[in-house]
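Peer 1: Following this message is one structure expressed as structure tokens.
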Amino acid sequence: MGSYPRLQPRPYVSILHQRVRSSDGRFAGRLKLRGPFLRYAGDPAAGSSAPRPRASLSAVPLPPLSFARIRPALAGGRTRRLLLGAVLGVAYALLVIYHVGLTVVGAPPSTATLVLANGAVALWVGGAGWLLSEYIGRRGFNPVRALWTPLVAAALGLVLATLLVALTGGPAVIDLKTGVPDGFASVTQVVGVALVEAAVALVLLFSLRTLVLFKRTAVSVRNWRILVGAMAAASLALLGTAPTDLVNENFLHIVLLVFAVGAMVLNAFRLSWIVYLPFRQKMLTLGLCLGLIVALAYLLQLRYVEGGIALGPGSDFGPDLDLDLTLTAVFSQPLSQFVMMVFAFGILYASTAVLSLLFHLPTAAALQQKTGEMEALQALARLSGEVFDRDRLVDTIAGAPVEAGVAQAAWLALIDAGSGSLAPKITAALGLTPVQIKAMTDVERLALDALAAKAPLLLQQAPADHRIRARPGDGIGSLLVLPLTAHGEHLGALFATRAVAEGFEEDDVDALATFAGQAALALNNADLFAERIERERLEGELAIAREVQRRLLPQRLPQSEKVRLSAVSLPAEEVCGDYYDVVEINDACLGIIVGDVSGKGTSAAFYMAELKGIFQSASRLTSSPAEFLRRANEALAGSLGKTAFITAVYGVLDTEAERFTLARAGHCPTALARADGSVELLRAGGLGLGLDRGPLFAHALKEQTVSLAPGDTFVLYSDGLVETRNRAGEEYGYERLAAALARHHRLTPDPLRDALLRDLQQFAGHDVWDDDLTIVVVQWAGTPVPSSTNGLPGTAAATAGAG
Amino acid sequence: MSSFSVSFRSTAPERGVCILDIKGELDAHTASELEAAFQRCLTDGHPRIVVHGSDLQYISSAGLGVFMAYIEEVREQGGDIKIAALQPRVYNVFDLLGFPVLFDITPTEAEAVEKFESEAA
């Protein structure tokens with residue numbers, strides 16, 4: 001089902017209309033559901049005048065329906081009703097003819113005919129009732145309508161009957177011996193008044209039904225059916241009774257009548273619809289009930305027969321005749337009994353309703369106010385759940401008790417997690433200013449006491465409490481402190497105050513406590529939401545930094561037949577402080593640099609980017625590594641702070657002169673493996689970049705030149721390689737590196753790089769690195785002679801550093 | 001979690017040299033302790049500091065940064081930070097970076113103290 005936001009104690013929908021749609025989307029229609037439903041009101045402040053029975057749900061899926069199947073169903077109802085109406089009209093006409101016939105003949109009918117005629121009347125009433133029930137009570141429950149409909153019907157009926165009698169020349173004349181009307185005027189009155197009374201009775205019956213069956217349970221429905229059944233049975237017991245027969249001589253009828261009266265009493269106390277009526281409606285229905293009683297009583301005793309006794313031609317009757325004839329009885333005794341029973345029930349029910357309304361009136365106002373308060377609190381609680389803006393949320397929460405009418409002033413004191421203090425501070429207030437509040441109450445003490453007690457703290461005589469500095473008359477008579485905790489965490493407290501002492505009832509405390517629980521959750525949610533947004537923002541920033549840093553590393557390494565390169569860089573965290581790069585200084589020279597920024601994270605990445613900038617621009621200016629590093633030191637000295645420094649090793653490979661010149665600014669010594677398997681570490685002197693701005697750096701930096709022989713393999717790396725520890729805490733170290741290099745030096749750069757990595761992984765026993773790890777392999781093949789390696793000669797596998 | 005400790009020792013008051021015995025691993029987490037120690041020496045008016053490192057097992061770039069952070073101020077106050085008795089492995093880290101160019105790093109504590117005296121003279 002869709003979401004029904006509020007269930008409020010205003011339940012008056014007995015029919016719910018639901019829009020449905022077939023799952024193939026071709027058909028849509030309305031589903032009508034019957035039963036007592038709680039009303040789904042849109043607005044808590046909406047008046048109670050018009051209930052809104054229509055609640056539409058979108059797209060409740062139905063199986064695909066064929067149009068052919070739908071059509072007859074939709075069309076059936078109306079046709080059926082029309083048909084029935086026609087049948088009833090015809091039946092009535094026949095009954096009229098029958099009575100006219102009787103009048104003409106002037107003799108009473110035989111018992112068989114009587115029974116038949118009464119039977120026909122019974123069926124006619126049944127059919128009419130069925131038809132009427134489709135119209136009455138269809139449009140949703142409304143007690144006012146349920147009462148003025150029969151009232152109006154009764155009044156109308158009265159008017160019509162009076163008119164009819166008046167227009168046809170006065171009260172009817174019935175032959176008392178035969179029970180047959182005397183003349184056409186009388187017959188007209190008979191059939192007319194009977195029809196009117198039957199209609200009024202049916203309208204009354206079905207209207208009362210909506211009231212009695214307001215709470216539709218199996219028991220209440222069964223009781224109603226018993227009532228209708230008993231009334232019908234008691235009436236039908238008179239099937240063979242002629243208008244002139246004495247009704248109270250029919251024993252069966254008496255028994256059933258008593259039974260029916262019992263059923264009436266059983267149903268007369270189904271008055272639960274009264275409780276929820278607002279005051280005005282209670283008054284209105286009270287008036288309507290009184291009116292109904294009067295109208296029905298009048299109808300009951302009405303005899304359009306002069307003196308209450310029918311006059312026949314030439315008869316002279318005294319007052320001791322106990323024949324009490326109504327026109328309806330002349331039409332059909334069972335009908336008359338039925339009508340009278342229905343009227344009697346109407347009077348009974350209206351009477352009990354009047355009494356109940358009277359008793360409920362004094363509390364109506366209070367109930368309404370309470371309901372209003374609860375609704376307002378619920379609405380505010382829901383609003384709190386939807387608001388994630390913390391400022392708006394605290395304002396809503398603090399204002400809620402006042403807006404709901406439960407308190408005259410309210411404020412919210414919250415613990416600021418960031419400040420480190422555990423004392424709650426006033427965050428929002430309504431009705432009093434924070435200054436006034438602080439002057440009058442010890443907010444911190446009260447909040448902490450409430451939190452410690454884990455329960456609402458109620459001070460009914462607030463000024464008497466030592467935590468309150470207010471005097472009586474300052475506006476704080478009673479104070480309620482509600483602790484706010486979510487998931488076991490203390491958030492603060494909500495305060496509500498009334499000017500009078502003993503101002504909070506148990507209901508108020510309960511309602512506010514519930515509200516406080518929801519408010520705490522809403523606050524918690526808002527905080528979590530804010531945290532989440534912050535985290536995502538940070539992650540977004542880191543992702544950008546990582547992407548930027550990844551692109552700063554070379555996407556592609558230059559390869560040639562003489563020199564082959566391979567590299568890998570594995571960052572420890574999201575962002576890497578290691579840097580390597582290769583630049584073609586000119587046709588002959590290749591510059592290779594590996595750098596390591598001290599520290600990790602985003603600031604290291606920024607320094608690295610700066611170094612790349614310097615490298616890309618300045619490296620082409622000189623083919624002397626030391627000269628380049630000196631310039632780099634000058635350039636970087638400004639931006640690196642006192643404690644940050646960068647180590648770097650920079651080598652220039654001259655392919656024509658066939659030599660490799662290196663300078664080492666505080667970096668790890670480059671490893672060199674010769675074709676014969678010997679390994680040495682090239683460790684010329686040099687200071688880290690940024691450690692000295694002046695001449696010390698220049699003076700300390702030394703260049704080292706190596707003459708190249710085919711098979712010479714240089715490995716430039718960062719300290720992440722040698723400093724990786726295994727589980728025992730040992731470092732990989734230079735010796736192991738040299739040994740591994742010696743083992744694998746015959747491999748071409750890519751496999752060699754991978755072999756070194758594998759060796760390191762095997763040593764460490766894991767592949768999570770503490771520090772950024774970078775390896776660059778530079779292999780000199782010399783003149784293009786197929787070398788004794790197991791790599792493919794001349795193929796250039798473009799290798800980008802793995803970021 | 002790395003463990004690190006700094007303890008104070010001083011030569012006879014008239015020599016005015018403050019000796020810091022550092023022990024354990026000096027990295028980003030523990031650097032603040034050494035910083036606090038340097039700071040205390042400065043506020044106490046003892047700018048002549050010898051860091052005795054025979055129990056120092058490991059130093060990271062953050063630890064090295066601590067020395068760089070205070071050396072200027074210490075020298076301005078007329079003192080110096082000298083490092084003594086480093087383990088070979090740890091000394092290697094300092095040496096690779098070129099620290100010996102910036103700081104006096106001596107094999108024994110006595111040599112470091114002597115250097116102070118010869119400077120004073």
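Labeling convention for the structure tokens: chains A, B, ... as they appear, residues from 1 per chain, ligands from 1 in order of appearance.
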Could you list, as a list in words, the residues of chain A having an atom within 7 Å of chain B when counting only C-alpha atoms?
Peer 2: Ser598, Gly599, Lys642, Thr643, Ala644, Gly666, His667, Cys668, Gly686, Leu687 and Gly688 of chain A
Peer 1: I want to know what sits within 9 Å of region 438-441 of chain A, based on only C-alpha atoms, with residues of the same chain fewer than 6 positions away left out; could you give that as a PyMOL selection string?
Peer 2: chain A and resi 426+467-471+474+476
Peer 1: Mind checking which residues fall within 9 Å of Phe116 (chain B), counting only C-alpha atoms, ignoring those fewer than 5 positions away in the same chain, and posting them as a PyMOL selection string?
Peer 2: chain B and resi 17+48+79-80+82+111+121
Peer 1: Report as a list in words all protein, DNA and RNA residues lying within 12 Å of Lys115 (chain B), evaluated on only C-alpha atoms, omitting residues in the same chain fewer than 5 positions from it.
Peer 2: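 Once the adjacent positions are removed, what remains is Arg15, Val17, Arg48, Ile49, Val50, Gly79, Asp80, Ile81, Lys82, Ile83, Ala84, Phe103, Asp104, Ile105, Thr106, Thr108, Glu109, Ala110, Ala120 and Ala121 of chain B.
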Peer 1: Could you pull out the strand (DSSP E or B) residues of region 35-120 of chain B from DSSP and send them as a VMD selection string?
Peer 2: chain B and resid 48 to 59 80 to 84 105 to 106
Peer 1: If we count only C-alpha atoms, what is near Ile22 (chain B) at a cut-off of 8 Å, once residues fewer than 3 positions away on the same chain are taken out, given as a count of residues only?
Peer 2: 10
Peer 1: Tell me which protein, DNA and RNA residues are within 8 Å of Gln57 (chain B), counting only C-alpha atoms, leaving out same-chain ones fewer than 3 positions away, and put them as a list in words.
Peer 2: Lys23, Gly24, Glu25, Gln87 and Val90 of chain B
Peer 1: Between B:Gly16, B:Ser10, B:Asp27, B:Val74, single out the one closest to Gln39 (chain B), counting only C-alpha atoms.
Peer 2: B:Val74
Peer 1: Provide the CA of Leu747 (chain A) to CA of Gly720 (chain A) distance in Å, to one decimal place.
Peer 2: 22.5 Å
Peer 1: Write out as a ChimeraX atom specification each polymer residue whose atoms come within 9 Å of Asp395 (chain A), counting only C-alpha atoms; drop sequence neighbours fewer than 5 positions from it.
Peer 2: /A:390,400,411-412,427-430
Peer 1: Of the candidates A:Glu731, A:Val100, A:Arg550, A:Thr210, which one gets nearest to Gln189 (chain A) if we count only C-alpha atoms?
Peer 2: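 Under the stated criterion, the closest residue is A:Val100.
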Peer 1: Pick the closest to Ala230 (chain A) from A:Leu653, A:Val255, A:Leu211, A:Val152: which is it, counting only C-alpha atoms?
Peer 2: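 Residue with the minimum atom-to-atom distance to Ala230 (chain A): A:Val255.
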Peer 1: Would you compute the distance between CA of Leu737 (chain A) and CA of Val706 (chain A)? Give it in Å to one decimal.
Peer 2: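 A separation of 20.2 Å between them.
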Peer 1: What is the CA of Glu723 (chain A)-CA of Leu741 (chain A) distance in Å, reported with one decimal?
Peer 2: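 We find that CA of Glu723 (chain A) and CA of Leu741 (chain A) lie 16.4 Å from each other.
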